[in-house]
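A.B. asks: The structure file run-v4.cif (mmCIF, C-alpha atoms) is provided below.
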data_protein
loop_
_atom_site.label_atom_id
_atom_site.label_comp_id
_atom_site.auth_asym_id
_atom_site.auth_seq_id
_atom_site.Cartn_x
_atom_site.Cartn_y
_atom_site.Cartn_z
CA MET A 13 -15.37 -14.62 18.97
CA LYS A 14 -13.03 -11.69 18.51
CA HIS A 15 -11.84 -11.28 14.94
CA ILE A 16 -8.12 -12.02 14.53
CA THR A 17 -6.54 -10.78 11.32
CA VAL A 18 -4.62 -13.52 9.52
CA LEU A 19 -1.04 -13.00 8.27
CA LYS A 20 -1.28 -9.31 9.13
CA GLN A 21 2.41 -8.55 9.68
CA GLU A 22 3.52 -10.56 6.64
CA ALA A 23 1.02 -8.83 4.35
CA ILE A 24 1.92 -5.34 5.58
CA GLU A 25 5.62 -6.02 5.07
CA LEU A 26 4.97 -7.13 1.48
CA LEU A 27 2.90 -4.00 0.77
CA ASP A 28 5.95 -1.93 1.83
CA ILE A 29 3.75 1.01 2.87
CA LYS A 30 4.77 4.48 1.67
CA SER A 31 3.71 7.13 4.18
CA ALA A 32 2.24 9.31 1.40
CA GLY A 33 0.89 6.42 -0.69
CA THR A 34 -2.64 5.46 -1.69
CA TYR A 35 -3.82 1.99 -0.67
CA VAL A 36 -6.88 -0.22 -1.01
CA ASP A 37 -8.17 -2.81 1.42
CA ALA A 38 -10.50 -4.71 -0.89
CA THR A 39 -11.93 -6.85 1.93
CA LEU A 40 -12.38 -4.65 4.99
CA GLY A 41 -13.91 -7.32 7.23
CA GLY A 42 -12.72 -6.81 10.81
CA ALA A 43 -10.48 -3.93 9.60
CA GLY A 44 -7.26 -5.48 10.88
CA HIS A 45 -5.31 -4.88 7.69
CA SER A 46 -6.86 -1.42 7.26
CA LEU A 47 -5.79 -0.38 10.75
CA ALA A 48 -2.25 -1.69 10.19
CA ILE A 49 -1.99 0.29 6.92
CA LEU A 50 -3.35 3.48 8.47
CA GLN A 51 -0.85 3.26 11.31
CA GLN A 52 1.93 3.65 8.73
CA LEU A 53 0.31 6.38 6.61
CA LYS A 54 0.94 10.09 7.16
CA GLN A 55 -0.05 12.07 4.06
CA GLY A 56 -1.35 8.91 2.42
CA PHE A 57 -4.93 7.64 2.06
CA LEU A 58 -6.74 4.34 2.37
CA TYR A 59 -9.89 3.20 0.56
CA ALA A 60 -11.57 0.11 2.05
CA PHE A 61 -14.37 -2.00 0.55
CA ASP A 62 -16.94 -4.36 2.03
CA GLN A 63 -20.41 -5.28 0.82
CA ASP A 64 -21.46 -6.15 4.38
CA VAL A 65 -23.04 -3.10 6.04
CA TYR A 66 -22.32 -4.58 9.47
CA ALA A 67 -18.60 -4.72 8.67
CA ILE A 68 -18.67 -1.12 7.45
CA ASN A 69 -20.37 0.14 10.61
CA LYS A 70 -18.08 -1.88 12.87
CA ALA A 71 -14.99 -0.51 11.07
CA LYS A 72 -16.25 3.09 11.31
CA GLU A 73 -16.01 2.81 15.08
CA LEU A 74 -12.61 1.10 15.06
CA LEU A 75 -11.07 3.59 12.60
CA LYS A 76 -12.86 6.74 13.78
CA GLU A 77 -9.65 8.57 14.71
CA TYR A 78 -8.32 8.33 11.13
CA GLN A 79 -9.44 11.05 8.74
CA ASN A 80 -7.42 9.63 5.82
CA CYS A 81 -9.68 6.65 5.32
CA TYR A 82 -12.80 6.21 3.16
CA LEU A 83 -15.04 3.17 3.65
CA ILE A 84 -17.08 2.07 0.64
CA GLN A 85 -20.00 -0.34 0.92
CA ALA A 86 -19.65 -2.24 -2.33
CA ASN A 87 -18.51 -5.57 -3.72
CA PHE A 88 -14.83 -5.38 -4.58
CA LYS A 89 -15.70 -6.30 -8.16
CA ASN A 90 -16.74 -2.64 -8.48
CA MET A 91 -13.44 -1.35 -7.09
CA LYS A 92 -12.15 0.26 -10.27
CA LYS A 93 -15.46 2.04 -10.93
CA GLU A 94 -15.87 3.22 -7.34
CA LEU A 95 -12.33 4.57 -7.17
CA LYS A 96 -12.63 6.31 -10.53
CA GLU A 97 -15.76 8.09 -9.30
CA ARG A 98 -13.60 9.46 -6.48
CA GLY A 99 -10.84 10.59 -8.82
CA ILE A 100 -8.48 7.70 -8.12
CA GLU A 101 -6.86 6.14 -11.19
CA ASN A 102 -3.83 4.42 -9.64
CA VAL A 103 -2.79 3.17 -6.21
CA ASP A 104 0.40 1.99 -4.49
CA GLY A 105 -0.94 -1.25 -3.11
CA ILE A 106 -4.01 -3.48 -2.75
CA ILE A 107 -4.69 -6.18 -0.16
CA PHE A 108 -7.33 -8.92 -0.46
CA ASP A 109 -8.13 -11.16 2.54
CA LEU A 110 -10.60 -13.66 1.13
CA GLY A 111 -11.56 -15.25 4.44
CA LEU A 112 -14.75 -14.73 6.39
CA SER A 113 -14.58 -12.46 9.41
CA SER A 114 -15.17 -14.14 12.76
CA PHE A 115 -18.18 -11.93 13.46
CA GLN A 116 -19.81 -13.21 10.26
CA ILE A 117 -19.19 -16.85 11.10
CA ASP A 118 -20.28 -16.51 14.72
CA ASP A 119 -23.43 -14.49 14.03
CA VAL A 120 -26.15 -17.16 14.08
CA ASN A 121 -28.42 -14.92 12.01
CA ARG A 122 -26.05 -15.05 9.03
CA GLY A 123 -26.24 -18.80 8.47
CA PHE A 124 -22.55 -19.36 7.68
CA THR A 125 -21.88 -21.92 10.40
CA TYR A 126 -22.82 -25.58 10.43
CA LEU A 127 -22.21 -25.74 14.20
CA LYS A 128 -25.40 -23.88 15.20
CA GLU A 129 -29.02 -24.24 14.13
CA THR A 130 -30.13 -21.19 12.21
CA ILE A 131 -31.52 -20.06 8.86
CA LEU A 132 -29.73 -20.99 5.65
CA ASP A 133 -28.64 -17.54 4.51
CA MET A 134 -24.89 -17.04 3.80
CA ARG A 135 -25.26 -13.69 2.01
CA MET A 136 -22.35 -11.25 2.30
CA ASP A 137 -24.61 -8.56 0.86
CA GLN A 138 -27.87 -8.88 2.73
CA GLN A 139 -29.65 -6.80 0.10
CA GLN A 140 -29.37 -9.53 -2.54
CA GLU A 141 -32.18 -12.04 -3.07
CA LEU A 142 -30.29 -15.31 -3.51
CA THR A 143 -29.77 -17.22 -0.25
CA ALA A 144 -28.49 -20.68 0.61
CA GLU A 145 -32.05 -21.74 1.46
CA LYS A 146 -33.26 -20.74 -2.01
CA ILE A 147 -30.44 -22.72 -3.64
CA ILE A 148 -31.09 -25.80 -1.52
CA ASN A 149 -34.82 -25.78 -2.23
CA THR A 150 -34.93 -24.73 -5.91
CA TYR A 151 -31.78 -26.00 -7.67
CA SER A 152 -32.04 -29.30 -9.53
CA LYS A 153 -30.15 -32.38 -8.36
CA ASP A 154 -27.55 -31.90 -11.11
CA GLU A 155 -27.10 -28.22 -10.25
CA LEU A 156 -26.64 -28.97 -6.56
CA ALA A 157 -24.23 -31.81 -7.23
CA LYS A 158 -22.22 -29.62 -9.58
CA ILE A 159 -21.65 -26.83 -7.04
CA PHE A 160 -20.93 -29.32 -4.21
CA PHE A 161 -18.34 -31.09 -6.35
CA GLU A 162 -16.75 -28.07 -8.02
CA TYR A 163 -16.89 -25.53 -5.19
CA GLY A 164 -16.66 -27.87 -2.21
CA GLU A 165 -14.67 -30.75 -3.75
CA GLU A 166 -17.28 -32.99 -2.13
CA LYS A 167 -16.88 -36.54 -3.44
CA ASN A 168 -20.39 -37.56 -2.31
CA ALA A 169 -21.95 -34.62 -4.12
CA TYR A 170 -24.62 -36.63 -5.97
CA LYS A 171 -25.67 -38.63 -2.92
CA ILE A 172 -26.09 -35.45 -0.88
CA ALA A 173 -27.96 -33.72 -3.71
CA GLN A 174 -30.38 -36.65 -3.99
CA ARG A 175 -31.00 -36.66 -0.22
CA ILE A 176 -31.73 -32.93 -0.38
CA ILE A 177 -34.27 -33.44 -3.17
CA ASP A 178 -35.91 -36.25 -1.18
CA ASN A 179 -36.18 -34.17 2.02
CA ARG A 180 -37.34 -30.77 0.76
CA PRO A 181 -38.24 -28.29 2.05
CA ILE A 182 -35.04 -27.75 4.05
CA LYS A 183 -35.20 -24.68 6.28
CA THR A 184 -32.31 -24.67 8.76
CA THR A 185 -28.59 -25.38 8.88
CA PHE A 186 -29.22 -28.47 11.02
CA ASP A 187 -31.76 -29.79 8.48
CA LEU A 188 -28.89 -29.80 6.00
CA VAL A 189 -26.33 -31.12 8.49
CA SER A 190 -28.60 -34.09 9.27
CA ILE A 191 -28.35 -35.04 5.59
CA THR A 192 -24.56 -34.66 5.35
CA ASP A 193 -24.18 -36.59 8.62
CA ARG A 194 -25.99 -39.57 7.10
CA VAL A 195 -23.99 -39.48 3.86
CA ASN A 196 -20.54 -38.50 5.20
CA HIS A 197 -20.56 -40.41 8.50
CA LYS A 198 -17.32 -42.20 7.55
CA GLU A 199 -15.47 -39.06 6.40
CA LYS A 200 -12.91 -37.17 8.49
CA GLY A 201 -13.83 -33.72 9.75
CA HIS A 202 -17.30 -32.23 9.90
CA SER A 203 -19.72 -33.84 7.46
CA ALA A 204 -21.08 -30.49 6.20
CA LYS A 205 -17.87 -28.45 5.85
CA ARG A 206 -17.46 -28.88 2.09
CA VAL A 207 -21.18 -28.44 1.33
CA PHE A 208 -21.37 -25.21 3.33
CA GLN A 209 -18.26 -23.89 1.59
CA ALA A 210 -19.81 -24.67 -1.79
CA LEU A 211 -23.09 -22.97 -0.89
CA ARG A 212 -21.33 -19.84 0.39
CA ILE A 213 -19.31 -19.60 -2.82
CA GLU A 214 -22.43 -20.04 -4.95
CA VAL A 215 -24.54 -17.56 -2.96
CA ASN A 216 -21.89 -14.86 -3.26
CA GLN A 217 -20.43 -15.90 -6.65
CA GLU A 218 -17.02 -15.68 -4.98
CA LEU A 219 -14.87 -17.39 -7.61
CA GLU A 220 -16.40 -15.58 -10.58
CA VAL A 221 -16.04 -12.23 -8.81
CA LEU A 222 -12.42 -13.03 -7.93
CA LYS A 223 -11.63 -13.88 -11.56
CA GLN A 224 -13.19 -10.59 -12.69
CA VAL A 225 -11.46 -8.34 -10.18
CA LEU A 226 -7.85 -9.51 -10.52
CA SER A 227 -7.20 -7.74 -13.82
CA ASP A 228 -8.83 -4.55 -12.55
CA ALA A 229 -6.75 -4.64 -9.39
CA PHE A 230 -3.52 -5.09 -11.35
CA ASP A 231 -4.46 -2.28 -13.75
CA LEU A 232 -4.97 0.04 -10.77
CA LEU A 233 -1.42 -0.43 -9.53
CA LYS A 234 1.20 2.22 -10.11
CA GLU A 235 4.68 1.15 -11.17
CA ASP A 236 6.20 -0.73 -8.21
CA GLY A 237 2.69 -1.13 -6.78
CA VAL A 238 2.00 -4.32 -4.84
CA LEU A 239 -0.96 -6.71 -5.03
CA ALA A 240 -1.16 -9.04 -2.01
CA ILE A 241 -3.83 -11.74 -1.67
CA ILE A 242 -4.63 -14.11 1.19
CA THR A 243 -6.64 -17.20 0.19
CA PHE A 244 -8.23 -19.88 2.34
CA HIS A 245 -9.02 -22.78 0.03
CA SER A 246 -7.49 -24.42 -3.01
CA LEU A 247 -10.05 -23.13 -5.54
CA GLU A 248 -9.41 -19.44 -4.93
CA ASP A 249 -5.68 -20.01 -4.44
CA ARG A 250 -5.50 -21.73 -7.83
CA ILE A 251 -7.14 -18.71 -9.49
CA VAL A 252 -4.71 -16.30 -7.81
CA LYS A 253 -1.69 -18.50 -8.56
CA HIS A 254 -2.51 -18.75 -12.27
CA PHE A 255 -3.20 -15.01 -12.56
CA PHE A 256 0.06 -14.12 -10.83
CA LYS A 257 1.93 -16.55 -13.09
CA SER A 258 0.42 -14.87 -16.16
CA LYS A 259 1.80 -11.53 -14.97
CA THR A 260 5.26 -12.69 -13.87
CA THR A 261 6.24 -15.07 -16.68
CA ILE A 262 6.31 -15.11 -20.47
CA ASP A 263 5.82 -18.28 -22.49
CA PHE A 264 7.97 -18.20 -25.62
CA PRO A 265 7.37 -20.43 -28.62
CA ASN A 266 10.31 -22.51 -29.79
CA VAL A 267 11.27 -20.05 -32.51
CA PRO A 268 14.02 -17.40 -32.68
CA THR A 269 12.89 -13.88 -31.80
CA LEU A 270 14.61 -10.52 -31.70
CA ASN A 271 12.26 -8.69 -29.38
CA LEU A 272 11.38 -10.46 -26.16
CA PRO A 273 8.49 -9.01 -24.17
CA GLU A 274 9.03 -8.43 -20.48
CA PRO A 275 6.75 -9.81 -17.78
CA GLU A 276 4.49 -7.16 -16.30
CA ALA A 277 5.30 -8.01 -12.69
CA ILE A 278 7.75 -9.75 -10.41
CA SER A 279 6.78 -12.28 -7.77
CA LEU A 280 7.39 -11.29 -4.16
CA THR A 281 6.53 -14.78 -2.94
CA ARG A 282 8.15 -17.59 -4.90
CA LYS A 283 6.10 -19.92 -2.71
CA PRO A 284 3.04 -18.93 -0.70
CA ILE A 285 3.59 -17.65 2.82
CA TYR A 286 1.81 -19.65 5.51
CA PRO A 287 0.90 -18.63 9.05
CA THR A 288 3.51 -19.47 11.66
CA GLU A 289 2.89 -22.36 14.03
CA GLU A 290 2.24 -19.81 16.77
CA GLU A 291 -0.43 -18.06 14.69
CA GLN A 292 -2.10 -21.35 13.85
CA VAL A 293 -2.24 -22.26 17.54
CA ASN A 294 -3.64 -18.83 18.49
CA ASN A 295 -6.09 -18.71 15.58
CA SER A 296 -7.25 -22.07 14.26
CA ARG A 297 -9.03 -20.35 11.34
CA SER A 298 -5.63 -19.29 9.96
CA ARG A 299 -4.48 -22.85 9.25
CA SER A 300 -5.57 -22.96 5.62
CA ALA A 301 -4.39 -19.42 4.76
CA LYS A 302 -1.86 -18.71 1.99
CA LEU A 303 -0.39 -15.31 1.13
CA ARG A 304 0.89 -14.47 -2.35
CA ALA A 305 2.07 -11.11 -3.70
CA ILE A 306 3.40 -9.53 -6.88
CA LYS A 307 4.88 -6.13 -7.68
CA LYS A 308 4.11 -4.29 -10.91
CA LYS A 309 7.27 -3.62 -12.90
CA LYS A 310 8.35 -0.30 -14.28
CA THR A 311 7.67 0.04 -18.00
CA LEU A 312 10.82 -0.50 -20.03
CA SER A 313 11.32 1.72 -23.04
CA ASN A 314 13.56 -0.70 -24.87
CA SER A 315 12.95 -4.36 -25.55
CA ILE A 316 15.62 -6.92 -24.75
CA ARG A 317 17.50 -7.96 -27.86
CA LEU A 318 19.26 -11.24 -28.54
#
Can you present the structure in this file as structure tokens?
C.D. replies:
Amino acid sequence: MKHITVLKQEAIELLDIKSAGTYVDATLGGAGHSLAILQQLKQGFLYAFDQDVYAINKAKELLKEYQNCYLIQANFKNMKKELKERGIENVDGIIFDLGLSSFQIDDVNRGFTYLKETILDMRMDQQQELTAEKIINTYSKDELAKIFFEYGEEKNAYKIAQRIIDNRPIKTTFDLVSITDRVNHKEKGHSAKRVFQALRIEVNQELEVLKQVLSDAFDLLKEDGVLAIITFHSLEDRIVKHFFKSKTTIDFPNVPTLNLPEPEAISLTRKPIYPTEEEQVNNSRSRSAKLRAIKKKKTLSNSIRL
């Protein structure tokens, strides 16, 4: 399936691209957002990150006519370090698209899909050792149940974990699906959806990495710089929502004060932006997407006084 970039126009509008600005695409993927940014840059420069070598090579071909673009094969948790090594201390905008690219989902050799029989892999970085198969066959029942419940919000987490223990070794995606089919036969939607989401998150430590990178990304922004993030499930959206709230609001104790601190950022999206009905029809994978964005405020020299 051809990769279709989700909420592309909305995200680019929020970034408010400056033709001479410096921008970061933290999740290169199919390079849709990178291409849209580059089309608006003149003297500006784009740095794009992806830990998947296939995504990097695919993007090199798509973006080959642009000389003002540098592709970095690295996890975005290393963004600040990688940029500093290239002399970049501050940028005008950063975009995160936390969804999987279609070419990753549809590649049977990657093991992300529960719709085809293949190996249980799910690694974004194929150099790392931990795979979904290793998790399924070595984690304890309690460990499996914990990730299924916390990362997949799977209510039958313990039943599925017990069935996995009883049926080891489990080698393929359909071995696992046969277990979820037996346990979740009365549930709506595909029986394995939540379990596969949980495994992918655990394999790639997605939530922990997201928590780590948000502060670094905000620190990298110049004054008036924009941080835009597209999430695809409630767990990552909750992390982004709480981080953005911490930057755009101040909680005051119920005591008089003379010097009130200012929030560090303003919200550009009071409520998350969702794909239009047309986009959801044209790209079913966009249906769960939410876009949030904040803008870093200019530093005020004087505090507000009561």
A.B. asks: Counting all atoms listed in the file, figure out which residue out of A:Met134, A:Ile24, A:Ile68, A:Ile285 gets nearest to A:Gln209.
C.D. replies: A:Met134
A.B. asks: Can you work out which one of A:Arg282, A:Arg297, A:Lys54, A:Arg135 has the shortest atom-to-atom distance to A:Gln116, counting all atoms listed in the file?
C.D. replies: A:Arg135
A.B. asks: Can you pull out the residues contacting A:Ile147? Cut-off 9 Å, using all atoms listed in the file, and skip same-chain residues under 4 positions away; I want them as an mmCIF file with C-alpha atoms, keeping the file's coordinate frame.
C.D. replies:
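Here's the written file out.cif:
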data_model
loop_
_atom_site.group_PDB
_atom_site.id
_atom_site.type_symbol
_atom_site.label_atom_id
_atom_site.label_comp_id
_atom_site.auth_asym_id
_atom_site.auth_seq_id
_atom_site.Cartn_x
_atom_site.Cartn_y
_atom_site.Cartn_z
ATOM 1 C CA LEU A 142 -30.290 -15.310 -3.510
ATOM 2 C CA THR A 143 -29.770 -17.220 -0.250
ATOM 3 C CA TYR A 151 -31.780 -26.000 -7.670
ATOM 4 C CA SER A 152 -32.040 -29.300 -9.530
ATOM 5 C CA LEU A 156 -26.640 -28.970 -6.560
ATOM 6 C CA LEU A 211 -23.090 -22.970 -0.890
ATOM 7 C CA GLU A 214 -22.430 -20.040 -4.950
ATOM 8 C CA VAL A 215 -24.540 -17.560 -2.960
#
A.B. asks: Can you give me, as a list in words, the residues this file yields under the PyMOL selection byres ((chain A and resi 167) around 12)?
C.D. replies: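 Selected by the PyMOL selection byres ((chain A and resi 167) around 12) here: Ala157, Lys158, Ile159, Phe160, Phe161, Glu162, Tyr163, Gly164, Glu165, Glu166, Asn168, Ala169, Tyr170, Lys171, Ile172, Ala173, Thr192, Val195, Asn196, Glu199, Ser203, Arg206 and Val207 of chain A.
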A.B. asks: Name all residues at most 9 Å from stretch 243-254 of chain A (count only C-alpha atoms; drop same-chain ones fewer than 5 positions away) and give them as a list of chain:residue names.
C.D. replies: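 My reading of the contact set: A:Phe108, A:Asp109, A:Leu110, A:Gly111, A:Glu162, A:Tyr163, A:Gly164, A:Glu218, A:Leu219, A:Leu222, A:Lys223, A:Leu226, A:Lys259, A:Ser298, A:Arg299, A:Ser300, A:Ala301, A:Lys302, A:Leu303, A:Arg304.
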A.B. asks: Select all residues near (-4.7, -2.7, 6.9) (cut-off 9 Å, inclusive, file coordinates), counting only C-alpha atoms, and output them as a PyMOL selection string.
C.D. replies: chain A and resi 20+23-24+35-37+40+43-51+58+60+107
A.B. asks: Next, write the just-selected residues to a file, as a PDB file, in the frame of the given file, keeping C-alpha atoms as the atom set.
C.D. replies:
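Resulting contents of again.pdb:
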ATOM      1  CA  LYS A  20      -1.280  -9.310   9.130  1.00  0.00           C
ATOM      2  CA  ALA A  23       1.020  -8.830   4.350  1.00  0.00           C
ATOM      3  CA  ILE A  24       1.920  -5.340   5.580  1.00  0.00           C
ATOM      4  CA  TYR A  35      -3.820   1.990  -0.670  1.00  0.00           C
ATOM      5  CA  VAL A  36      -6.880  -0.220  -1.010  1.00  0.00           C
ATOM      6  CA  ASP A  37      -8.170  -2.810   1.420  1.00  0.00           C
ATOM      7  CA  LEU A  40     -12.380  -4.650   4.990  1.00  0.00           C
ATOM      8  CA  ALA A  43     -10.480  -3.930   9.600  1.00  0.00           C
ATOM      9  CA  GLY A  44      -7.260  -5.480  10.880  1.00  0.00           C
ATOM     10  CA  HIS A  45      -5.310  -4.880   7.690  1.00  0.00           C
ATOM     11  CA  SER A  46      -6.860  -1.420   7.260  1.00  0.00           C
ATOM     12  CA  LEU A  47      -5.790  -0.380  10.750  1.00  0.00           C
ATOM     13  CA  ALA A  48      -2.250  -1.690  10.190  1.00  0.00           C
ATOM     14  CA  ILE A  49      -1.990   0.290   6.920  1.00  0.00           C
ATOM     15  CA  LEU A  50      -3.350   3.480   8.470  1.00  0.00           C
ATOM     16  CA  GLN A  51      -0.850   3.260  11.310  1.00  0.00           C
ATOM     17  CA  LEU A  58      -6.740   4.340   2.370  1.00  0.00           C
ATOM     18  CA  ALA A  60     -11.570   0.110   2.050  1.00  0.00           C
ATOM     19  CA  ILE A 107      -4.690  -6.180  -0.160  1.00  0.00           C
TER      20      ILE A 107
END
A.B. asks: Residues around (-25.2, -20.7, 10.2), cut-off 12 Å, counting only C-alpha atoms - what are they as an mmCIF file with C-alpha atoms, in the frame of the given file?
C.D. replies:
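As written to disk, point02.cif reads:
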data_model
loop_
_atom_site.group_PDB
_atom_site.id
_atom_site.type_symbol
_atom_site.label_atom_id
_atom_site.label_comp_id
_atom_site.auth_asym_id
_atom_site.auth_seq_id
_atom_site.Cartn_x
_atom_site.Cartn_y
_atom_site.Cartn_z
ATOM 1 C CA PHE A 115 -18.180 -11.930 13.460
ATOM 2 C CA GLN A 116 -19.810 -13.210 10.260
ATOM 3 C CA ILE A 117 -19.190 -16.850 11.100
ATOM 4 C CA ASP A 118 -20.280 -16.510 14.720
ATOM 5 C CA ASP A 119 -23.430 -14.490 14.030
ATOM 6 C CA VAL A 120 -26.150 -17.160 14.080
ATOM 7 C CA ASN A 121 -28.420 -14.920 12.010
ATOM 8 C CA ARG A 122 -26.050 -15.050 9.030
ATOM 9 C CA GLY A 123 -26.240 -18.800 8.470
ATOM 10 C CA PHE A 124 -22.550 -19.360 7.680
ATOM 11 C CA THR A 125 -21.880 -21.920 10.400
ATOM 12 C CA TYR A 126 -22.820 -25.580 10.430
ATOM 13 C CA LEU A 127 -22.210 -25.740 14.200
ATOM 14 C CA LYS A 128 -25.400 -23.880 15.200
ATOM 15 C CA GLU A 129 -29.020 -24.240 14.130
ATOM 16 C CA THR A 130 -30.130 -21.190 12.210
ATOM 17 C CA ILE A 131 -31.520 -20.060 8.860
ATOM 18 C CA LEU A 132 -29.730 -20.990 5.650
ATOM 19 C CA ASP A 133 -28.640 -17.540 4.510
ATOM 20 C CA MET A 134 -24.890 -17.040 3.800
ATOM 21 C CA ARG A 135 -25.260 -13.690 2.010
ATOM 22 C CA THR A 143 -29.770 -17.220 -0.250
ATOM 23 C CA ALA A 144 -28.490 -20.680 0.610
ATOM 24 C CA GLU A 145 -32.050 -21.740 1.460
ATOM 25 C CA LYS A 183 -35.200 -24.680 6.280
ATOM 26 C CA THR A 184 -32.310 -24.670 8.760
ATOM 27 C CA THR A 185 -28.590 -25.380 8.880
ATOM 28 C CA PHE A 186 -29.220 -28.470 11.020
ATOM 29 C CA ASP A 187 -31.760 -29.790 8.480
ATOM 30 C CA LEU A 188 -28.890 -29.800 6.000
ATOM 31 C CA VAL A 189 -26.330 -31.120 8.490
ATOM 32 C CA ALA A 204 -21.080 -30.490 6.200
ATOM 33 C CA LYS A 205 -17.870 -28.450 5.850
ATOM 34 C CA PHE A 208 -21.370 -25.210 3.330
ATOM 35 C CA GLN A 209 -18.260 -23.890 1.590
ATOM 36 C CA LEU A 211 -23.090 -22.970 -0.890
ATOM 37 C CA ARG A 212 -21.330 -19.840 0.390
#
A.B. asks: Can you work out the spacing between atom CA of A:Gln138 and atom CA of A:Glu94 in Å, to one decimal?
C.D. replies: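 Atom CA of A:Glu94 lies 19.8 Å from atom CA of A:Gln138.
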A.B. asks: Separation of atom CA of A:Asp154 and atom CA of A:Leu112, in Å?
C.D. replies: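 Those two atoms sit 27.7 Å apart.
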A.B. asks: For atom CA of A:Pro273 and atom CA of A:Gln224, quote the distance in Å rounded to one decimal.
C.D. replies: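 Separation between atom CA of A:Pro273 and atom CA of A:Gln224: 24.6 Å.
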A.B. asks: List, as a PyMOL selection string, every residue that the PyMOL selection byres ((chain A and resi 83-85) around 8) selects in the file provided.
C.D. replies: chain A and resi 59-65+68+72+81-82+86-87
A.B. asks: Restricting the calculation to all atoms listed in the file, which member of A:Ile177, A:Val18, A:Leu26, A:Ile106 is positioned closest to A:Thr281?
C.D. replies: A:Leu26
A.B. asks: Nearest to A:Gln140: which of A:Glu101, A:Gln217, A:Ile278, A:Leu74 is it, counting only C-alpha atoms?
C.D. replies: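 Closest residue, counting only C-alpha atoms: A:Gln217.
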A.B. asks: Determine the nearest neighbour of A:Ala229 from the options A:Gly56, A:Gly105, A:Gly33, A:Gly42, counting all atoms listed in the file.
C.D. replies: A:Gly105
A.B. asks: Report as an MDAnalysis selection string all protein, DNA and RNA residues lying within 10 Å of A:Lys310, evaluated on all atoms listed in the file, omitting residues in the same chain fewer than 2 positions from it.
C.D. replies: chainID A and resid 234:237 276:277 307:308 312:313
A.B. asks: Report as a list in words all protein, DNA and RNA residues lying within 10 Å of A:Lys92, evaluated on all atoms listed in the file, omitting residues in the same chain fewer than 3 positions from it.
C.D. replies: Phe88, Lys89, Leu95, Lys96, Glu97, Ile100, Glu101, Asn102, Val225, Asp228, Ala229, Asp231 and Leu232 of chain A
A.B. asks: Kindly indicate which residue among A:Ala240, A:Arg175, A:Arg194, A:Phe57 lies nearest to A:Glu25, using all atoms listed in the file for the distances.
C.D. replies: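 Comparing A:Ala240, A:Arg175, A:Arg194, A:Phe57 against A:Glu25, the winner is A:Ala240.
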